[in-house]
$ cat protein-v5.cif   # mmCIF, C-alpha atoms
data_structure
loop_
_atom_site.label_atom_id
_atom_site.label_comp_id
_atom_site.auth_asym_id
_atom_site.auth_seq_id
_atom_site.Cartn_x
_atom_site.Cartn_y
_atom_site.Cartn_z
CA MET A 1 0.00 0.00 0.00
CA ARG A 2 1.44 3.36 -1.02
CA ALA A 3 1.89 5.82 1.85
CA THR A 4 -0.24 8.98 1.81
CA GLN A 5 0.62 10.18 5.32
CA ALA A 6 3.84 11.49 6.84
CA VAL A 7 5.22 12.32 10.27
CA VAL A 8 7.47 15.38 10.28
CA LEU A 9 9.71 15.80 13.32
CA ALA A 10 9.77 19.48 14.30
CA ARG A 11 10.55 19.09 18.01
CA GLY A 12 14.36 19.13 17.99
CA LEU A 13 16.35 21.46 20.23
CA GLY A 14 18.36 22.79 17.28
CA SER A 15 21.55 22.90 19.34
CA ARG A 16 23.82 23.25 16.30
CA MET A 17 21.63 25.99 14.82
CA ARG A 18 21.63 27.91 18.12
CA ARG A 19 25.44 27.93 18.13
CA ASP A 20 26.88 31.20 16.81
CA ASP A 21 29.43 30.24 14.14
CA GLY A 22 30.03 33.77 12.89
CA THR A 23 27.50 33.57 10.04
CA SER A 24 25.82 36.91 9.37
CA LEU A 25 22.05 36.60 9.81
CA SER A 26 19.09 38.91 9.41
CA ARG A 27 17.03 39.77 12.47
CA GLU A 28 14.34 37.24 11.49
CA GLU A 29 16.94 34.54 10.85
CA SER A 30 18.61 35.25 14.19
CA ILE A 31 15.30 34.87 16.01
CA ALA A 32 14.59 31.54 14.30
CA ALA A 33 18.14 30.27 14.87
CA GLY A 34 18.04 31.28 18.52
CA SER A 35 14.76 29.46 19.07
CA GLY A 36 16.12 26.20 17.66
CA ALA A 37 12.95 25.68 15.58
CA LYS A 38 14.80 25.09 12.31
CA GLY A 39 11.63 24.32 10.40
CA MET A 40 10.51 27.90 10.98
CA MET A 41 13.69 29.43 9.54
CA PRO A 42 12.56 32.10 7.00
CA ILE A 43 13.67 31.20 3.47
CA GLY A 44 13.42 33.47 0.43
CA ALA A 45 12.28 37.03 -0.09
CA ALA A 46 8.77 36.36 1.18
CA GLY A 47 10.11 34.94 4.43
CA ARG A 48 8.26 31.64 4.07
CA PRO A 49 9.52 29.10 6.63
CA MET A 50 11.55 26.04 5.67
CA LEU A 51 8.65 23.85 6.76
CA ASP A 52 6.44 25.31 4.02
CA TYR A 53 8.90 24.05 1.40
CA VAL A 54 9.09 20.62 3.05
CA LEU A 55 5.30 20.33 3.17
CA SER A 56 4.94 21.57 -0.41
CA ALA A 57 7.31 18.84 -1.65
CA LEU A 58 5.28 16.25 0.29
CA ALA A 59 2.11 17.47 -1.43
CA ASP A 60 3.87 17.33 -4.82
CA ALA A 61 4.73 13.69 -4.05
CA GLY A 62 1.10 12.81 -3.37
CA LEU A 63 1.13 12.87 0.43
CA THR A 64 -2.09 14.27 1.89
CA ASP A 65 -2.09 13.75 5.69
CA ILE A 66 0.70 15.23 7.80
CA VAL A 67 1.45 14.91 11.51
CA LEU A 68 3.82 17.55 12.89
CA VAL A 69 5.60 16.47 16.08
CA VAL A 70 6.20 19.61 18.12
CA ALA A 71 7.21 20.67 21.62
CA PRO A 72 4.57 21.86 24.11
CA GLU A 73 5.98 25.36 23.78
CA HIS A 74 5.92 25.44 19.94
CA ASP A 75 2.91 27.73 19.72
CA GLY A 76 4.57 29.51 16.81
CA ILE A 77 4.27 26.47 14.54
CA ARG A 78 0.65 25.85 15.54
CA SER A 79 -0.38 29.47 15.14
CA TYR A 80 1.40 29.82 11.80
CA TYR A 81 -0.53 26.91 10.29
CA ALA A 82 -3.75 28.15 11.85
CA ARG A 83 -3.23 31.46 10.01
CA THR A 84 -1.94 29.98 6.74
CA THR A 85 -4.00 26.84 6.38
CA PRO A 86 -2.49 24.50 3.76
CA THR A 87 -4.77 23.82 0.80
CA ARG A 88 -3.28 20.51 -0.38
CA LEU A 89 -2.60 18.89 2.99
CA THR A 90 -4.34 18.14 6.24
CA ILE A 91 -2.13 18.92 9.23
CA ARG A 92 -2.49 17.44 12.70
CA PHE A 93 -0.16 17.81 15.68
CA ALA A 94 1.47 15.40 18.10
CA VAL A 95 3.36 16.65 21.15
CA GLN A 96 6.66 15.25 22.39
CA ALA A 97 6.65 16.35 26.01
CA GLU A 98 10.43 16.27 26.47
CA PRO A 99 13.35 16.13 23.99
CA ARG A 100 14.23 12.48 24.64
CA GLY A 101 15.42 11.57 21.14
CA THR A 102 14.08 10.76 17.70
CA ALA A 103 12.58 7.37 18.61
CA ASP A 104 10.62 9.03 21.39
CA ALA A 105 9.56 11.83 19.03
CA LEU A 106 8.21 9.29 16.56
CA HIS A 107 6.53 7.29 19.32
CA SER A 108 4.65 10.42 20.40
CA ALA A 109 2.78 10.30 17.05
CA ARG A 110 1.46 6.76 17.57
CA GLU A 111 -2.09 7.87 18.47
CA THR A 112 -2.25 10.37 15.60
CA VAL A 113 -1.07 8.20 12.72
CA ARG A 114 -3.62 6.07 10.88
CA ASP A 115 -3.10 2.28 10.75
CA ALA A 116 -1.32 2.40 7.40
CA PRO A 117 2.20 3.02 6.03
CA PHE A 118 3.64 6.47 6.58
CA LEU A 119 6.80 8.45 5.90
CA MET A 120 8.97 10.00 8.58
CA LEU A 121 11.32 12.91 7.94
CA ASN A 122 12.84 15.94 9.60
CA SER A 123 11.51 19.47 9.32
CA ASP A 124 15.00 20.82 8.50
CA ASN A 125 15.70 18.57 5.49
CA TYR A 126 14.34 19.31 2.03
CA TYR A 127 13.88 16.28 -0.20
CA SER A 128 12.80 16.33 -3.83
CA ALA A 129 9.28 15.22 -4.67
CA ALA A 130 10.82 12.34 -6.65
CA ASP A 131 12.67 11.06 -3.58
CA LEU A 132 9.58 11.44 -1.39
CA ARG A 133 7.57 9.57 -4.00
CA ALA A 134 10.14 6.75 -4.02
CA ALA A 135 9.84 6.47 -0.23
CA ALA A 136 6.03 6.53 -0.35
CA GLU A 137 5.95 3.79 -2.96
CA LEU A 138 7.87 1.38 -0.71
CA GLY A 139 4.66 0.83 1.26
CA VAL A 140 6.59 -1.16 3.90
CA CYS A 141 9.29 -0.40 6.45
CA GLY A 142 12.32 0.97 4.65
CA LEU A 143 14.25 4.10 3.79
CA VAL A 144 15.81 6.09 1.00
CA ALA A 145 19.58 5.56 0.75
CA TYR A 146 21.68 8.29 -0.86
CA GLU A 147 24.94 7.57 -2.67
CA ALA A 148 27.53 9.64 -0.83
CA GLU A 149 29.44 11.27 -3.70
CA ALA A 150 26.28 12.28 -5.55
CA LEU A 151 24.74 13.52 -2.30
CA ALA A 152 27.68 15.81 -1.56
CA ARG A 153 27.97 17.03 -5.15
CA GLU A 154 24.28 17.70 -5.71
CA SER A 155 23.63 19.12 -2.23
CA GLY A 156 26.54 21.54 -2.31
CA PHE A 157 28.33 20.57 0.88
CA ALA A 158 31.80 19.16 1.56
CA SER A 159 32.28 15.45 0.95
CA GLU A 160 33.67 14.89 4.48
CA ARG A 161 30.31 15.95 5.86
CA VAL A 162 28.94 12.62 4.64
CA LEU A 163 30.74 10.81 7.47
CA ARG A 164 28.66 12.77 9.98
CA TYR A 165 25.61 10.88 8.76
CA ALA A 166 24.74 7.22 9.23
CA LEU A 167 26.21 4.85 6.65
CA LEU A 168 24.15 1.88 5.54
CA ASP A 169 24.98 -1.77 5.00
CA ILE A 170 22.65 -2.83 2.17
CA SER A 171 22.26 -6.31 0.69
CA PRO A 172 22.41 -6.87 -3.09
CA ASP A 173 18.62 -7.29 -3.14
CA ASP A 174 18.16 -3.83 -1.55
CA ARG A 175 17.46 -4.84 2.03
CA LEU A 176 18.90 -2.96 5.00
CA ARG A 177 21.34 -5.09 6.98
CA ALA A 178 22.73 -2.54 9.44
CA ILE A 179 23.10 1.16 10.24
CA CYS A 180 26.44 2.62 11.30
CA GLU A 181 26.08 6.01 12.97
CA LYS A 182 29.01 8.41 12.45
CA PRO A 183 31.58 5.76 11.43
CA GLY A 184 35.31 6.34 11.70
CA PRO A 185 37.30 6.99 8.50
CA ASP A 186 38.67 3.42 8.52
CA HIS A 187 35.31 1.71 8.92
CA PRO A 188 34.62 -0.76 6.05
CA LEU A 189 31.48 1.14 5.06
CA ALA A 190 33.45 4.42 5.01
CA ILE A 191 36.11 3.08 2.63
CA ALA A 192 33.79 1.11 0.35
CA SER A 193 33.76 1.98 -3.35
CA GLU A 194 30.14 3.09 -2.97
CA ARG A 195 28.93 4.58 0.27
CA TRP A 196 25.22 4.78 1.00
CA VAL A 197 23.94 7.33 3.49
CA SER A 198 20.76 7.74 5.52
CA MET A 199 19.31 11.25 5.42
CA ASN A 200 16.39 10.26 7.66
CA LEU A 201 13.79 9.75 4.97
CA TRP A 202 11.99 6.66 6.23
CA SER A 203 8.96 4.59 5.32
CA PHE A 204 7.33 2.88 8.29
CA THR A 205 4.33 0.83 9.21
CA PRO A 206 2.81 1.11 12.70
CA ALA A 207 5.02 -1.87 13.70
CA ILE A 208 7.82 0.65 14.34
CA PHE A 209 6.01 2.04 17.38
CA GLU A 210 6.62 -1.16 19.36
CA ALA A 211 10.34 -0.89 18.59
CA CYS A 212 10.31 2.76 19.68
CA ARG A 213 8.59 1.73 22.93
CA ARG A 214 11.18 -0.95 23.68
CA VAL A 215 14.34 0.94 22.78
CA ARG A 216 16.68 1.97 25.60
CA PRO A 217 18.76 5.15 25.92
CA SER A 218 21.94 5.34 23.90
CA SER A 219 25.33 6.44 25.21
CA ARG A 220 24.13 10.00 24.64
CA GLY A 221 21.16 9.34 26.92
CA GLU A 222 18.64 9.58 24.07
CA LEU A 223 16.13 7.19 22.55
CA GLU A 224 17.59 6.97 19.06
CA LEU A 225 15.64 6.10 15.93
CA GLN A 226 18.48 4.04 14.45
CA ASP A 227 18.48 1.92 17.61
CA ALA A 228 14.73 1.37 17.27
CA VAL A 229 15.21 0.31 13.64
CA THR A 230 17.98 -2.11 14.65
CA LEU A 231 15.75 -3.52 17.39
CA ALA A 232 12.89 -3.90 14.92
CA MET A 233 15.13 -5.88 12.55
CA ASN A 234 16.86 -8.04 15.16
CA ASP A 235 14.12 -8.63 17.76
CA LEU A 236 10.84 -8.13 15.92
CA GLY A 237 11.79 -9.64 12.57
CA VAL A 238 10.90 -6.53 10.56
CA ARG A 239 12.56 -6.34 7.15
CA PHE A 240 13.54 -2.93 5.78
CA ALA A 241 13.52 -2.22 2.08
CA VAL A 242 15.87 0.32 0.51
CA ALA A 243 15.28 2.77 -2.34
CA ARG A 244 18.64 3.92 -3.70
CA ARG A 245 18.93 7.48 -4.97
CA ARG A 246 21.69 9.68 -6.40
CA SER A 247 20.32 13.13 -5.67
CA ALA A 248 20.40 16.14 -3.35
CA VAL A 249 19.08 16.73 0.14
CA LEU A 250 19.19 20.25 1.54
CA ASP A 251 20.26 20.03 5.18
CA LEU A 252 19.53 23.04 7.39
CA SER A 253 21.57 22.00 10.44
CA HIS A 254 23.92 24.95 10.97
CA ARG A 255 23.70 28.69 10.47
CA GLY A 256 26.19 28.32 7.64
CA ASP A 257 23.65 26.18 5.75
CA ILE A 258 21.07 28.97 5.48
CA ALA A 259 22.60 30.69 2.45
CA ILE A 260 22.84 27.59 0.25
CA VAL A 261 19.37 26.39 1.23
CA ARG A 262 17.96 29.83 0.40
CA GLN A 263 19.77 29.85 -2.95
CA ARG A 264 18.65 26.31 -3.90
CA LEU A 265 15.01 27.05 -3.03
CA SER A 266 14.91 30.53 -4.54
CA GLY A 267 12.97 29.45 -7.64
CA ILE A 268 10.32 27.53 -5.72
CA VAL A 269 7.01 28.98 -4.53
CA PRO A 270 5.82 26.62 -1.79
CA ARG A 271 2.20 25.48 -1.99
CA PRO A 272 1.50 23.25 0.99
#

$ encode --input "protein-v5.cif" --output "structure tokens"
Amino acid sequence: MRATQAVVLARGLGSRMRRDDGTSLSREESIAAGSGAKGMMPIGAAGRPMLDYVLSALADAGLTDIVLVVAPEHDGIRSYYARTTPTRLTIRFAVQAEPRGTADALHSARETVRDAPFLMLNSDNYYSAADLRAAAELGVCGLVAYEAEALARESGFASERVLRYALLDISPDDRLRAICEKPGPDHPLAIASERWVSMNLWSFTPAIFEACRRVRPSSRGELELQDAVTLAMNDLGVRFAVARRRSAVLDLSHRGDIAIVRQRLSGIVPRP
């Protein structure tokens, strides 16, 4: 069954975005960066938030029902979408009470998601409609895997940044075997002729919620999504399909990313 719903994580603390790295920002950008709500970063001359572009791409890909996972204090996101009601999407909200990690953020949407496949993505990553469509068409648990060299080239960031993301061990028949978070430069996946990267564009069924419930805190003290996926594969017998792509993802993690994201999205008028 093709997914028509998506969970967008907009709860993150935005610690890296809050950090002043010397990038010159406008007053509006400074306010958004200081709040940590990266999805509300104004992009383009009209000041439309990043989240509008993300939601517009989801609509272009045929998604119709969106759950935004927010913090209790994120009244700005709620009020914005009350004022500017999307015409192609239905938006509902789920609240993550505390910032306990991505698995916990996803688990907080369990009562809001319909009993059907759904996508999960971050509010600070912009994916093409084609990539979102590829994820939606999986219809089972899985993810989009990005080839590292093409990702860096097409996205406009340094190739070494790829190693900050999770590398994927994928079988020849496009099944996920393992996830390696932030591998060292000598890791076999890091020195392979082709490196495949997770940019957190996932397809899930409601089976993932049990894995999110069972997962335990990582060494960072957080309930991590990659740990929940590993638990789902190893303990619950869930198989994860992979859609391989050689394309761009715009990643709005740091203040230094704002300029390139703005430039890449300058020709797009979002229509969520």

$ atom_distance --input "protein-v5.cif" --atom1 "CA of Tyr127 (chain A)" --atom2 "CA of Ala248 (chain A)"
7.2 Å

$ resolve_selection --input "protein-v5.cif" --expression "the PyMOL selection byres ((chain A and resi 64) around 10)" --output "list in words"
Ala3, Thr4, Gln5, Ala6, Leu55, Leu58, Ala59, Asp60, Ala61, Gly62, Leu63, Asp65, Ile66, Thr87, Arg88, Leu89, Thr90, Ile91 and Pro272 of chain A

$ residues_around --input "protein-v5.cif" --residues "Val67 (chain A)" --least-positions-apart "2" --cutoff "12 Å" --atoms "all atoms listed in the file" --output "ChimeraX atom specification"
/A:4-11,55,58,63-65,69-70,78,89-95,105-106,108-114,118-123

$ axis_aligned_box --input "protein-v5.cif" --around "region 103-111 of chain A" --padding-each-side "4 Å" --output "JSON"
{"center_x": 5.2, "center_y": 9.3, "center_z": 19.0, "size_x": 22.7, "size_y": 13.1, "size_z": 12.8}

$ atom_distance --input "protein-v5.cif" --atom1 "CA of Gly101 (chain A)" --atom2 "CA of Arg244 (chain A)"
26.2 Å

$ residues_around --input "protein-v5.cif" --residues "region 216-218 of chain A" --least-positions-apart "3" --cutoff "10 Å" --atoms "only C-alpha atoms" --output "PyMOL selection string"
chain A and resi 100-101+103+211-213+221-224+227-228+231

$ atom_distance --input "protein-v5.cif" --atom1 "CA of Ala243 (chain A)" --atom2 "CA of Ala145 (chain A)"
6.0 Å

$ closest_atom_pairs --input "protein-v5.cif" --of "region 109-207 of chain A" --to "region 261-265 of chain A" --cutoff "10 Å" --atoms "all atoms listed in the file" --output "CSV"
residue,atom,partner,partner_atom,distance
A:Asn125,CA,A:Val261,CA,9.6
A:Tyr126,CA,A:Val261,CA,8.7
A:Ser155,CA,A:Arg264,CA,8.9
A:Gly156,CA,A:Val261,CA,9.4

$ write_last_selection --input "protein-v5.cif" --atoms "C-alpha atoms" --output "compact mmCIF listing (two decimals), in the frame of the given file"
# COMPACT_ATOMS: atom_id res chain seq x y z
CA ASN A 125 15.70 18.57 5.49
CA TYR A 126 14.34 19.31 2.03
CA SER A 155 23.63 19.12 -2.23
CA GLY A 156 26.54 21.54 -2.31

$ resolve_selection --input "protein-v5.cif" --expression "the PyMOL selection byres ((chain A and resi 162) around 12)" --output "PyMOL selection string"
chain A and resi 146-153+155-161+163-168+181-185+189-190+195-199+249+251

$ closest_residue --input "protein-v5.cif" --among "A:Cys180, A:Val140, A:Leu68, A:Val242" --to "Tyr81 (chain A)" --atoms "all atoms listed in the file"
A:Leu68

$ build_atoms --input "protein-v5.cif" --residues "region 75-86 of chain A" --atoms "all heavy atoms" --output "CSV table (one decimal), in the frame of the given file"
chain,number,residue,atom,x,y,z
A,75,ASP,N,4.1,27.1,20.1
A,75,ASP,CA,2.9,27.7,19.7
A,75,ASP,C,3.1,28.4,18.4
A,75,ASP,O,2.1,28.6,17.7
A,75,ASP,CB,2.5,28.7,20.8
A,75,ASP,CG,2.0,28.1,22.1
A,75,ASP,OD1,1.6,26.9,22.0
A,75,ASP,OD2,2.0,28.7,23.1
A,76,GLY,N,4.3,28.8,18.1
A,76,GLY,CA,4.6,29.5,16.8
A,76,GLY,C,4.2,28.7,15.6
A,76,GLY,O,3.7,29.1,14.6
A,77,ILE,N,4.6,27.4,15.7
A,77,ILE,CA,4.3,26.5,14.5
A,77,ILE,C,2.8,26.3,14.4
A,77,ILE,O,2.2,26.4,13.3
A,77,ILE,CB,5.0,25.1,14.7
A,77,ILE,CG1,6.5,25.3,14.7
A,77,ILE,CG2,4.5,24.1,13.6
A,77,ILE,CD1,7.3,24.0,14.9
A,78,ARG,N,2.1,26.0,15.6
A,78,ARG,CA,0.6,25.8,15.5
A,78,ARG,C,-0.1,27.1,15.0
A,78,ARG,O,-1.0,27.0,14.2
A,78,ARG,CB,0.1,25.5,16.9
A,78,ARG,CG,0.5,24.1,17.5
A,78,ARG,CD,0.0,24.0,18.9
A,78,ARG,NE,0.3,22.7,19.5
A,78,ARG,CZ,-0.4,21.6,19.4
A,78,ARG,NH1,-1.5,21.7,18.7
A,78,ARG,NH2,-0.1,20.5,20.0
A,79,SER,N,0.3,28.2,15.5
A,79,SER,CA,-0.4,29.5,15.1
A,79,SER,C,-0.1,29.8,13.7
A,79,SER,O,-1.0,30.3,13.0
A,79,SER,CB,0.0,30.6,16.1
A,79,SER,OG,1.4,30.9,16.0
A,80,TYR,N,1.1,29.5,13.2
A,80,TYR,CA,1.4,29.8,11.8
A,80,TYR,C,0.5,29.0,10.9
A,80,TYR,O,-0.1,29.6,9.9
A,80,TYR,CB,2.9,29.5,11.5
A,80,TYR,CG,3.2,29.7,10.0
A,80,TYR,CD1,3.5,31.0,9.5
A,80,TYR,CD2,3.2,28.6,9.1
A,80,TYR,CE1,3.8,31.2,8.2
A,80,TYR,CE2,3.5,28.8,7.8
A,80,TYR,CZ,3.8,30.1,7.3
A,80,TYR,OH,4.1,30.3,6.0
A,81,TYR,N,0.3,27.7,11.2
A,81,TYR,CA,-0.5,26.9,10.3
A,81,TYR,C,-2.0,27.1,10.6
A,81,TYR,O,-2.9,26.6,9.8
A,81,TYR,CB,-0.1,25.4,10.3
A,81,TYR,CG,1.2,25.3,9.6
A,81,TYR,CD1,2.4,25.1,10.2
A,81,TYR,CD2,1.3,25.4,8.2
A,81,TYR,CE1,3.6,25.0,9.6
A,81,TYR,CE2,2.5,25.4,7.5
A,81,TYR,CZ,3.6,25.1,8.2
A,81,TYR,OH,4.8,25.1,7.5
A,82,ALA,N,-2.3,27.7,11.7
A,82,ALA,CA,-3.8,28.2,11.8
A,82,ALA,C,-4.0,29.4,11.0
A,82,ALA,O,-5.2,29.5,10.4
A,82,ALA,CB,-4.0,28.5,13.3
A,83,ARG,N,-3.0,30.3,10.8
A,83,ARG,CA,-3.2,31.5,10.0
A,83,ARG,C,-3.1,31.2,8.5
A,83,ARG,O,-3.8,31.8,7.7
A,83,ARG,CB,-2.2,32.5,10.4
A,83,ARG,CG,-2.2,33.1,11.8
A,83,ARG,CD,-1.4,34.3,11.9
A,83,ARG,NE,0.0,34.1,11.4
A,83,ARG,CZ,1.0,33.7,12.1
A,83,ARG,NH1,0.9,33.3,13.3
A,83,ARG,NH2,2.2,33.5,11.5
A,84,THR,N,-2.2,30.3,8.2
A,84,THR,CA,-1.9,30.0,6.7
A,84,THR,C,-2.3,28.5,6.5
A,84,THR,O,-1.4,27.7,6.3
A,84,THR,CB,-0.5,30.3,6.4
A,84,THR,OG1,0.4,29.4,7.2
A,84,THR,CG2,-0.1,31.7,6.6
A,85,THR,N,-3.5,28.2,6.5
A,85,THR,CA,-4.0,26.8,6.4
A,85,THR,C,-3.6,26.3,5.0
A,85,THR,O,-3.9,26.8,4.0
A,85,THR,CB,-5.5,26.8,6.5
A,85,THR,OG1,-5.9,27.4,7.7
A,85,THR,CG2,-6.0,25.3,6.5
A,86,PRO,N,-2.9,25.1,5.0
A,86,PRO,CA,-2.5,24.5,3.8
A,86,PRO,C,-3.7,24.1,3.0
A,86,PRO,O,-4.7,23.7,3.5
A,86,PRO,CB,-1.7,23.3,4.2
A,86,PRO,CG,-1.1,23.7,5.5
A,86,PRO,CD,-2.2,24.5,6.2
